[in-house]
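Colleague: One file: start_15.cif (mmCIF, C-alpha atoms and all ligand atoms).
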```cif
data_input
loop_
_atom_site.label_atom_id
_atom_site.label_comp_id
_atom_site.auth_asym_id
_atom_site.auth_seq_id
_atom_site.Cartn_x
_atom_site.Cartn_y
_atom_site.Cartn_z
CA MET D 15 -9.16 4.60 -0.12
CA LYS D 16 -8.57 2.84 3.20
CA ARG D 17 -11.66 4.47 4.67
CA ILE D 18 -13.82 3.33 1.75
CA ILE D 19 -12.53 -0.19 2.18
CA THR D 20 -13.35 -0.17 5.89
CA VAL D 21 -16.86 1.10 5.27
CA LEU D 22 -17.61 -1.36 2.50
CA GLY D 23 -16.14 -4.29 4.36
CA LEU D 24 -13.93 -7.26 3.77
CA SER D 25 -15.00 -8.27 0.27
CA LEU D 26 -13.70 -5.07 -1.30
CA LEU D 27 -10.47 -5.36 0.68
CA THR D 28 -10.00 -8.87 -0.68
CA VAL D 29 -10.58 -7.75 -4.25
CA SER D 30 -8.29 -4.79 -3.75
CA THR D 31 -5.35 -6.73 -2.33
CA LEU D 32 -5.59 -9.35 -5.05
CA SER D 33 -5.46 -6.84 -7.87
CA PRO D 34 -2.04 -5.66 -9.01
CA ALA D 35 -2.91 -2.11 -7.93
CA GLY D 36 -3.74 -3.42 -4.44
CA GLU D 37 -0.27 -4.90 -4.19
CA TRP D 38 1.13 -1.46 -4.88
CA THR D 39 0.48 -0.47 -1.27
CA LEU D 40 1.12 -3.84 0.38
CA PRO D 41 4.14 -3.90 2.68
CA GLN D 42 7.13 -5.99 1.72
CA ALA D 43 9.89 -6.80 4.18
CA PRO D 44 13.06 -5.11 2.91
CA PHE D 45 15.95 -7.34 1.94
CA ARG D 46 19.46 -7.37 0.55
CA VAL D 47 19.55 -7.99 -3.19
CA HIS D 48 23.34 -8.24 -3.42
CA GLY D 49 26.17 -6.42 -1.68
CA ASN D 50 25.12 -2.85 -0.95
CA THR D 51 21.90 -3.09 -3.00
CA TYR D 52 18.63 -3.44 -1.08
CA TYR D 53 14.95 -3.70 -2.00
CA VAL D 54 12.89 -1.19 0.00
CA GLY D 55 9.75 -1.02 -2.13
CA THR D 56 6.26 -2.40 -1.59
CA ARG D 57 5.06 -5.81 -2.73
CA GLY D 58 4.03 -4.42 -6.09
CA LEU D 59 6.26 -1.41 -6.71
CA SER D 60 10.04 -1.35 -6.50
CA ALA D 61 12.30 1.07 -4.68
CA VAL D 62 16.00 0.30 -4.54
CA LEU D 63 18.54 1.56 -2.03
CA ILE D 64 22.26 1.55 -2.82
CA ALA D 65 24.09 2.15 0.43
CA SER D 66 27.52 3.62 1.13
CA ASP D 67 29.44 5.26 3.95
CA ALA D 68 29.16 8.55 2.06
CA GLY D 69 25.36 8.36 1.90
CA HIS D 70 22.80 6.39 -0.07
CA VAL D 71 21.20 6.45 -3.48
CA LEU D 72 17.46 5.73 -3.68
CA ILE D 73 15.92 4.83 -7.03
CA ASP D 74 12.15 5.41 -7.22
CA VAL D 75 9.77 6.38 -4.46
CA PRO D 76 6.56 4.69 -5.54
CA MET D 77 3.35 6.56 -4.65
CA GLU D 78 3.05 9.22 -2.02
CA GLU D 79 0.92 7.02 0.24
CA ASN D 80 3.83 4.55 0.45
CA LEU D 81 6.27 7.08 1.91
CA ASP D 82 5.97 5.76 5.47
CA LEU D 83 6.37 2.16 4.31
CA ILE D 84 9.51 2.99 2.38
CA GLU D 85 11.00 5.04 5.19
CA ALA D 86 10.26 2.18 7.61
CA SER D 87 11.95 -0.29 5.26
CA ILE D 88 15.08 1.86 5.03
CA ARG D 89 15.23 2.17 8.82
CA ALA D 90 14.53 -1.55 9.33
CA LEU D 91 17.71 -2.28 7.39
CA GLY D 92 19.62 -0.08 9.83
CA PHE D 93 19.99 2.92 7.52
CA ARG D 94 18.88 6.48 8.05
CA VAL D 95 16.56 8.24 5.61
CA GLU D 96 18.53 11.41 6.40
CA ASP D 97 21.55 9.72 4.80
CA VAL D 98 19.82 9.34 1.43
CA ARG D 99 21.73 11.89 -0.64
CA LEU D 100 20.56 11.20 -4.15
CA ILE D 101 17.12 10.24 -5.47
CA LEU D 102 16.81 8.88 -9.00
CA ASN D 103 13.77 7.77 -10.96
CA SER D 104 12.84 5.24 -13.61
CA HIS D 105 10.02 7.31 -15.05
CA ALA D 106 7.78 10.14 -13.95
CA HIS D 107 4.50 8.36 -13.28
CA HIS D 108 2.74 8.45 -9.93
CA ASP D 109 3.47 4.78 -9.18
CA HIS D 110 7.24 5.32 -9.35
CA ALA D 111 7.72 9.01 -8.67
CA GLY D 112 4.70 9.99 -6.55
CA GLY D 113 6.70 9.90 -3.32
CA ILE D 114 9.82 11.65 -4.60
CA ALA D 115 8.83 15.16 -3.51
CA GLY D 116 8.02 13.90 -0.01
CA MET D 117 11.16 11.81 0.28
CA ALA D 118 13.33 14.70 -0.92
CA LEU D 119 11.81 16.75 1.88
CA ARG D 120 12.29 14.06 4.55
CA SER D 121 15.85 13.22 3.54
CA GLY D 122 17.18 16.47 2.15
CA ALA D 123 18.42 14.45 -0.83
CA GLU D 124 19.10 15.87 -4.25
CA VAL D 125 16.90 14.67 -7.12
CA ARG D 126 18.53 14.16 -10.50
CA ALA D 127 16.89 13.17 -13.75
CA SER D 128 17.20 13.19 -17.53
CA SER D 129 16.01 16.47 -19.05
CA ALA D 130 12.69 14.98 -20.23
CA SER D 131 12.10 13.31 -16.86
CA ALA D 132 13.03 16.46 -14.95
CA ARG D 133 10.38 18.35 -16.88
CA ALA D 134 7.75 15.68 -16.16
CA LEU D 135 8.72 15.55 -12.47
CA ARG D 136 8.39 19.32 -12.16
CA LEU D 137 4.97 19.07 -13.83
CA GLY D 138 3.85 16.37 -11.39
CA GLY D 139 3.33 13.98 -14.27
CA ASN D 140 1.11 16.34 -16.24
CA ASP D 141 3.44 16.23 -19.22
CA PRO D 142 1.87 16.76 -22.68
CA ASP D 143 4.67 14.67 -24.24
CA ASP D 144 3.78 11.63 -22.14
CA PRO D 145 2.14 8.87 -24.21
CA GLN D 146 -0.36 8.43 -21.36
CA HIS D 147 -1.01 12.14 -20.91
CA GLY D 148 -4.61 12.62 -19.87
CA SER D 149 -4.97 9.16 -18.35
CA ALA D 150 -1.88 8.91 -16.10
CA PRO D 151 -2.69 10.24 -12.60
CA ALA D 152 -0.92 13.40 -11.47
CA PHE D 153 1.36 13.44 -8.42
CA THR D 154 3.00 16.00 -6.16
CA PRO D 155 5.40 17.95 -8.37
CA VAL D 156 9.10 17.78 -7.57
CA SER D 157 10.19 21.40 -7.44
CA LEU D 158 13.97 20.91 -7.38
CA VAL D 159 15.40 18.57 -9.99
CA ASP D 160 18.92 18.64 -11.40
CA VAL D 161 19.33 17.52 -14.98
CA PHE D 162 22.12 15.13 -15.94
CA GLU D 163 23.51 14.73 -19.43
CA GLU D 164 22.60 11.70 -21.52
CA GLY D 165 24.84 8.73 -20.77
CA ALA D 166 25.92 10.20 -17.44
CA ARG D 167 27.55 8.30 -14.60
CA LEU D 168 26.41 9.58 -11.25
CA ARG D 169 28.74 9.20 -8.31
CA LEU D 170 28.21 9.25 -4.57
CA GLY D 171 31.17 8.08 -2.53
CA ALA D 172 32.10 4.66 -3.86
CA ILE D 173 28.78 4.29 -5.70
CA GLU D 174 28.76 4.83 -9.45
CA VAL D 175 25.44 4.54 -11.22
CA SER D 176 25.19 4.66 -15.02
CA ALA D 177 22.13 6.16 -16.66
CA HIS D 178 20.84 4.42 -19.80
CA PRO D 179 18.15 6.23 -21.76
CA THR D 180 15.27 3.86 -22.54
CA PRO D 181 12.60 6.28 -23.78
CA GLY D 182 9.25 4.98 -24.92
CA HIS D 183 7.04 4.28 -21.95
CA THR D 184 7.73 7.95 -21.19
CA PRO D 185 10.06 10.33 -23.07
CA GLY D 186 12.44 10.54 -20.08
CA SER D 187 12.44 6.86 -19.13
CA THR D 188 15.81 5.86 -17.73
CA SER D 189 17.34 2.51 -16.82
CA TRP D 190 20.18 2.31 -14.31
CA SER D 191 23.11 0.00 -13.73
CA TRP D 192 25.82 -0.28 -11.09
CA ARG D 193 28.21 -2.78 -9.56
CA SER D 194 27.52 -4.23 -6.15
CA CYS D 195 30.09 -6.36 -4.36
CA GLU D 196 29.62 -8.98 -1.70
CA GLY D 197 33.11 -9.75 -0.50
CA LYS D 198 35.06 -10.19 -3.72
CA ARG D 199 32.04 -11.13 -5.76
CA CYS D 200 30.87 -8.12 -7.77
CA LEU D 201 27.72 -8.26 -9.89
CA THR D 202 26.08 -5.74 -12.17
CA VAL D 203 22.61 -4.83 -11.01
CA VAL D 204 20.30 -3.32 -13.64
CA TYR D 205 17.19 -1.41 -12.71
CA ALA D 206 15.51 -1.40 -16.11
CA ASP D 207 12.58 0.91 -16.60
CA SER D 208 9.08 -0.07 -17.69
CA LEU D 209 9.11 -0.69 -21.43
CA SER D 210 5.43 -1.01 -22.20
CA ALA D 211 4.13 0.95 -25.18
CA MET D 212 0.91 2.31 -23.75
CA ALA D 213 -0.71 5.28 -25.42
CA ASN D 214 -3.71 7.38 -24.60
CA PRO D 215 -5.22 8.65 -27.87
CA PRO D 216 -4.57 10.86 -29.72
CA TYR D 217 -0.96 9.91 -28.91
CA ARG D 218 0.46 7.44 -31.42
CA TYR D 219 3.93 5.94 -31.31
CA SER D 220 3.76 5.72 -35.10
CA ASP D 221 2.72 9.36 -35.58
CA PRO D 222 4.44 10.27 -38.89
CA ARG D 223 5.18 13.75 -37.52
CA HIS D 224 7.29 12.12 -34.79
CA PRO D 225 9.50 9.44 -36.33
CA GLU D 226 11.84 9.86 -33.35
CA ARG D 227 9.34 8.18 -31.04
CA ILE D 228 9.86 4.70 -32.47
CA GLU D 229 13.51 5.31 -33.40
CA ASN D 230 14.45 6.31 -29.87
CA PHE D 231 12.34 3.55 -28.35
CA ARG D 232 14.08 0.91 -30.48
CA ARG D 233 17.54 2.34 -29.83
CA GLY D 234 17.00 2.12 -26.07
CA LEU D 235 15.72 -1.46 -26.31
CA LYS D 236 18.74 -2.50 -28.40
CA ALA D 237 21.13 -0.96 -25.90
CA LEU D 238 19.35 -2.59 -22.97
CA ALA D 239 19.50 -5.99 -24.68
CA ARG D 240 23.29 -5.69 -24.87
CA ILE D 241 23.98 -4.23 -21.44
CA ASP D 242 26.11 -6.05 -18.88
CA CYS D 243 23.45 -7.54 -16.63
CA ASP D 244 23.60 -9.98 -13.73
CA ILE D 245 20.55 -9.09 -11.65
CA LEU D 246 17.54 -7.43 -13.26
CA ILE D 247 15.08 -5.45 -11.18
CA THR D 248 12.10 -3.67 -12.74
CA PRO D 249 9.83 -0.91 -11.36
CA HIS D 250 6.98 -3.41 -11.44
CA PRO D 251 8.71 -6.45 -9.93
CA GLU D 252 6.37 -8.92 -11.63
CA ALA D 253 7.48 -7.62 -15.05
CA SER D 254 10.75 -9.49 -14.52
CA GLY D 255 9.54 -12.27 -12.22
CA PHE D 256 11.60 -10.73 -9.45
CA PHE D 257 9.68 -12.20 -6.51
CA ASP D 258 9.59 -15.62 -8.16
CA ARG D 259 13.37 -15.49 -8.35
CA LEU D 260 13.51 -14.26 -4.75
CA ALA D 261 11.33 -17.18 -3.63
CA ARG D 262 13.75 -19.57 -5.31
CA ARG D 263 16.64 -17.93 -3.52
CA GLU D 264 14.83 -18.19 -0.21
CA ALA D 265 14.23 -21.87 -0.97
CA GLY D 266 18.00 -22.37 -1.11
CA GLU D 267 19.01 -21.60 -4.70
CA ALA D 268 21.72 -19.09 -3.75
CA ASP D 269 22.14 -17.54 -7.21
CA ALA D 270 18.48 -17.45 -8.22
CA LEU D 271 18.38 -13.66 -8.64
CA ARG D 272 21.15 -13.79 -11.21
CA ASP D 273 20.28 -14.24 -14.87
CA ARG D 274 22.75 -12.97 -17.46
CA ASP D 275 20.03 -13.13 -20.15
CA ALA D 276 17.35 -11.33 -18.15
CA CYS D 277 17.90 -7.85 -19.62
CA ARG D 278 18.00 -9.18 -23.17
CA HIS D 279 14.80 -11.17 -22.66
CA TYR D 280 13.09 -8.19 -21.05
CA ALA D 281 14.06 -5.91 -23.96
CA GLU D 282 13.10 -8.47 -26.62
CA ALA D 283 9.67 -9.00 -25.11
CA ALA D 284 9.15 -5.24 -25.06
CA SER D 285 10.22 -4.98 -28.68
CA GLU D 286 7.53 -7.50 -29.64
CA ARG D 287 4.91 -5.57 -27.68
CA LEU D 288 5.99 -2.35 -29.40
CA ASP D 289 5.52 -4.03 -32.79
CA GLU D 290 2.03 -5.11 -31.69
CA GLN D 291 1.17 -1.58 -30.60
CA ILE D 292 2.38 -0.16 -33.92
CA GLY D 293 0.29 -2.80 -35.68
CA ARG D 294 -2.81 -1.76 -33.75
CA GLU D 295 -2.13 1.89 -34.51
CA SER D 296 -1.73 1.30 -38.25
CA ALA D 297 -4.91 -0.80 -38.21
CA GLY D 298 -6.65 2.23 -36.75
CA GLN D 299 -7.48 0.45 -33.51
CA VAL D 300 -7.39 2.15 -30.17
CA ARG D 301 -5.35 0.04 -27.77
ZN ZN O 1 4.40 4.11 -16.00
#
```
Would you encode the structure as structure tokens?
Ligand SMILES: [Zn+2]
Modeller:
Amino acid sequence: MKRIITVLGLSLLTVSTLSPAGEWTLPQAPFRVHGNTYYVGTRGLSAVLIASDAGHVLIDVPMEENLDLIEASIRALGFRVEDVRLILNSHAHHDHAGGIAGMALRSGAEVRASSASARALRLGGNDPDDPQHGSAPAFTPVSLVDVFEEGARLRLGAIEVSAHPTPGHTPGSTSWSWRSCEGKRCLTVVYADSLSAMANPPYRYSDPRHPERIENFRRGLKALARIDCDILITPHPEASGFFDRLARREAGEADALRDRDACRHYAEAASERLDEQIGRESAGQVR
């Protein structure tokens, strides 16, 4: 891609960096979110590091071509990639999981996922149960994935991360929450998965042979709306206005990242979009 841009010149580069997909590979200086929680993703795709003396948890490794950027961000914060012990994932699409296989290799970390996500990770995203199967790009398969039980709490040293199933965007979609303390001030950080109902025909959320698709989707959204939530981060940061909130914090509003209603608003907006998708499906329209 870079070579094509160089050959075709500046205009294509400009178009590329302005598009959301272009931002997916743009560097972003890493920063502390709160306490031991750090943002180590690119400008357009999130990766979150939760640090501890017993090793670190890394949630999402967006796109294989971003591996060097993410490793550099972790090191720039003063941490070692070799100390990443546990890699988790929001959902098994190339823009959030494409670098997991490579990062597992570089760090020696264990990868853990819900059973549906583990299957999709092992298949490199080529999962027939994925609503976007056939249109979602494949990625390097993750050969070693441990499955955790639904509702699990994963521990690493003093870190405890809760897994919240939010299936819909993919069958294994998982949202994560944990407490991060800065001095005595502890906040709940929620890394809520993508919630968009995007389907590649013939997949239909409202397929009468699969009533569980909508049921499970709605159950996850309801749970997410009620979750304890101080700081919301999403795999696509713009989906939750994360960098707008960061800009406000950098402008001096110390608590700008915190919004106790953010998870509820995020889930409610997704619920409306799901209703719209179901409406389009019942009207016989392709999305
Ligand atoms: Zn996705």
Colleague: Neighbours of ligand ZN 1 (chain O) at 10 Å or closer, counting all atoms listed in the file: which residues, as an mmCIF file with C-alpha atoms, keeping the file's coordinate frame?
Modeller:
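Writing the result to out35.cif gives the following:
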```cif
data_model
loop_
_atom_site.group_PDB
_atom_site.id
_atom_site.type_symbol
_atom_site.label_atom_id
_atom_site.label_comp_id
_atom_site.auth_asym_id
_atom_site.auth_seq_id
_atom_site.Cartn_x
_atom_site.Cartn_y
_atom_site.Cartn_z
ATOM 1 C CA SER D 104 12.840 5.240 -13.610
ATOM 2 C CA HIS D 105 10.020 7.310 -15.050
ATOM 3 C CA ALA D 106 7.780 10.140 -13.950
ATOM 4 C CA HIS D 107 4.500 8.360 -13.280
ATOM 5 C CA HIS D 108 2.740 8.450 -9.930
ATOM 6 C CA ASP D 109 3.470 4.780 -9.180
ATOM 7 C CA HIS D 110 7.240 5.320 -9.350
ATOM 8 C CA ALA D 111 7.720 9.010 -8.670
ATOM 9 C CA ASP D 144 3.780 11.630 -22.140
ATOM 10 C CA PRO D 145 2.140 8.870 -24.210
ATOM 11 C CA GLN D 146 -0.360 8.430 -21.360
ATOM 12 C CA ALA D 150 -1.880 8.910 -16.100
ATOM 13 C CA PRO D 151 -2.690 10.240 -12.600
ATOM 14 C CA HIS D 183 7.040 4.280 -21.950
ATOM 15 C CA THR D 184 7.730 7.950 -21.190
ATOM 16 C CA SER D 187 12.440 6.860 -19.130
ATOM 17 C CA ASP D 207 12.580 0.910 -16.600
ATOM 18 C CA SER D 208 9.080 -0.070 -17.690
ATOM 19 C CA LEU D 209 9.110 -0.690 -21.430
ATOM 20 C CA SER D 210 5.430 -1.010 -22.200
ATOM 21 C CA ALA D 211 4.130 0.950 -25.180
ATOM 22 C CA MET D 212 0.910 2.310 -23.750
ATOM 23 C CA PRO D 249 9.830 -0.910 -11.360
ATOM 24 C CA HIS D 250 6.980 -3.410 -11.440
#
```
Colleague: Please provide the set of residues having any atom within 9 Å of Glu164 (chain D), restricted to only C-alpha atoms, with same-chain residues fewer than 3 positions apart removed, written as a ChimeraX atom specification.
Modeller: /D:128-129,177-179
Colleague: How many Å lie between CA of Arg126 (chain D) and CA of Ser87 (chain D), rounded to one decimal?
Modeller: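 CA of Ser87 (chain D) lies at a distance of 22.4 Å from CA of Arg126 (chain D).
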Colleague: Using all atoms listed in the file, what does the table of region 60-108 of chain D residues within 9 Å of region 114-125 of chain D look like, with each row giving the shortest atom pair and its distance in Å to one decimal, sorted by chain and ascending number, as JSON lines?
Modeller:
```
{"residue": "D:Val71", "atom": "CA", "partner": "D:Ala123", "partner_atom": "CA", "distance": 8.9}
{"residue": "D:Asp74", "atom": "CA", "partner": "D:Ile114", "partner_atom": "CA", "distance": 7.2}
{"residue": "D:Val75", "atom": "CA", "partner": "D:Ile114", "partner_atom": "CA", "distance": 5.3}
{"residue": "D:Pro76", "atom": "CA", "partner": "D:Ile114", "partner_atom": "CA", "distance": 7.7}
{"residue": "D:Met77", "atom": "CA", "partner": "D:Ile114", "partner_atom": "CA", "distance": 8.2}
{"residue": "D:Glu78", "atom": "CA", "partner": "D:Gly116", "partner_atom": "CA", "distance": 7.1}
{"residue": "D:Leu81", "atom": "CA", "partner": "D:Met117", "partner_atom": "CA", "distance": 7.0}
{"residue": "D:Glu85", "atom": "CA", "partner": "D:Met117", "partner_atom": "CA", "distance": 8.4}
{"residue": "D:Arg94", "atom": "CA", "partner": "D:Ser121", "partner_atom": "CA", "distance": 8.7}
{"residue": "D:Val95", "atom": "CA", "partner": "D:Ser121", "partner_atom": "CA", "distance": 5.4}
{"residue": "D:Glu96", "atom": "CA", "partner": "D:Ser121", "partner_atom": "CA", "distance": 4.3}
{"residue": "D:Asp97", "atom": "CA", "partner": "D:Ser121", "partner_atom": "CA", "distance": 6.8}
{"residue": "D:Val98", "atom": "CA", "partner": "D:Ala123", "partner_atom": "CA", "distance": 5.8}
{"residue": "D:Arg99", "atom": "CA", "partner": "D:Ala123", "partner_atom": "CA", "distance": 4.2}
{"residue": "D:Leu100", "atom": "CA", "partner": "D:Glu124", "partner_atom": "CA", "distance": 4.9}
{"residue": "D:Ile101", "atom": "CA", "partner": "D:Val125", "partner_atom": "CA", "distance": 4.7}
{"residue": "D:Leu102", "atom": "CA", "partner": "D:Val125", "partner_atom": "CA", "distance": 6.1}
{"residue": "D:Asn103", "atom": "CA", "partner": "D:Ile114", "partner_atom": "CA", "distance": 8.4}
```
Colleague: Please determine, counting all atoms listed in the file, which residue among D:Cys243, D:Ile64, D:Ala253, D:Val47 has the shortest atom-to-atom distance to Ile173 (chain D).
Modeller: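 Between D:Cys243, D:Ile64, D:Ala253, D:Val47, the residue approaching Ile173 (chain D) most closely is D:Ile64.
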Colleague: For CA of Leu235 (chain D) and CA of Ala281 (chain D), quote the distance in Å rounded to one decimal.
Modeller: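 One can read the CA of Leu235 (chain D) to CA of Ala281 (chain D) distance as 5.3 Å.
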Colleague: Suppose you want the space between CA of Leu288 (chain D) and CA of Glu229 (chain D); what is it in Å?
Modeller: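 It comes out at 11.5 Å.
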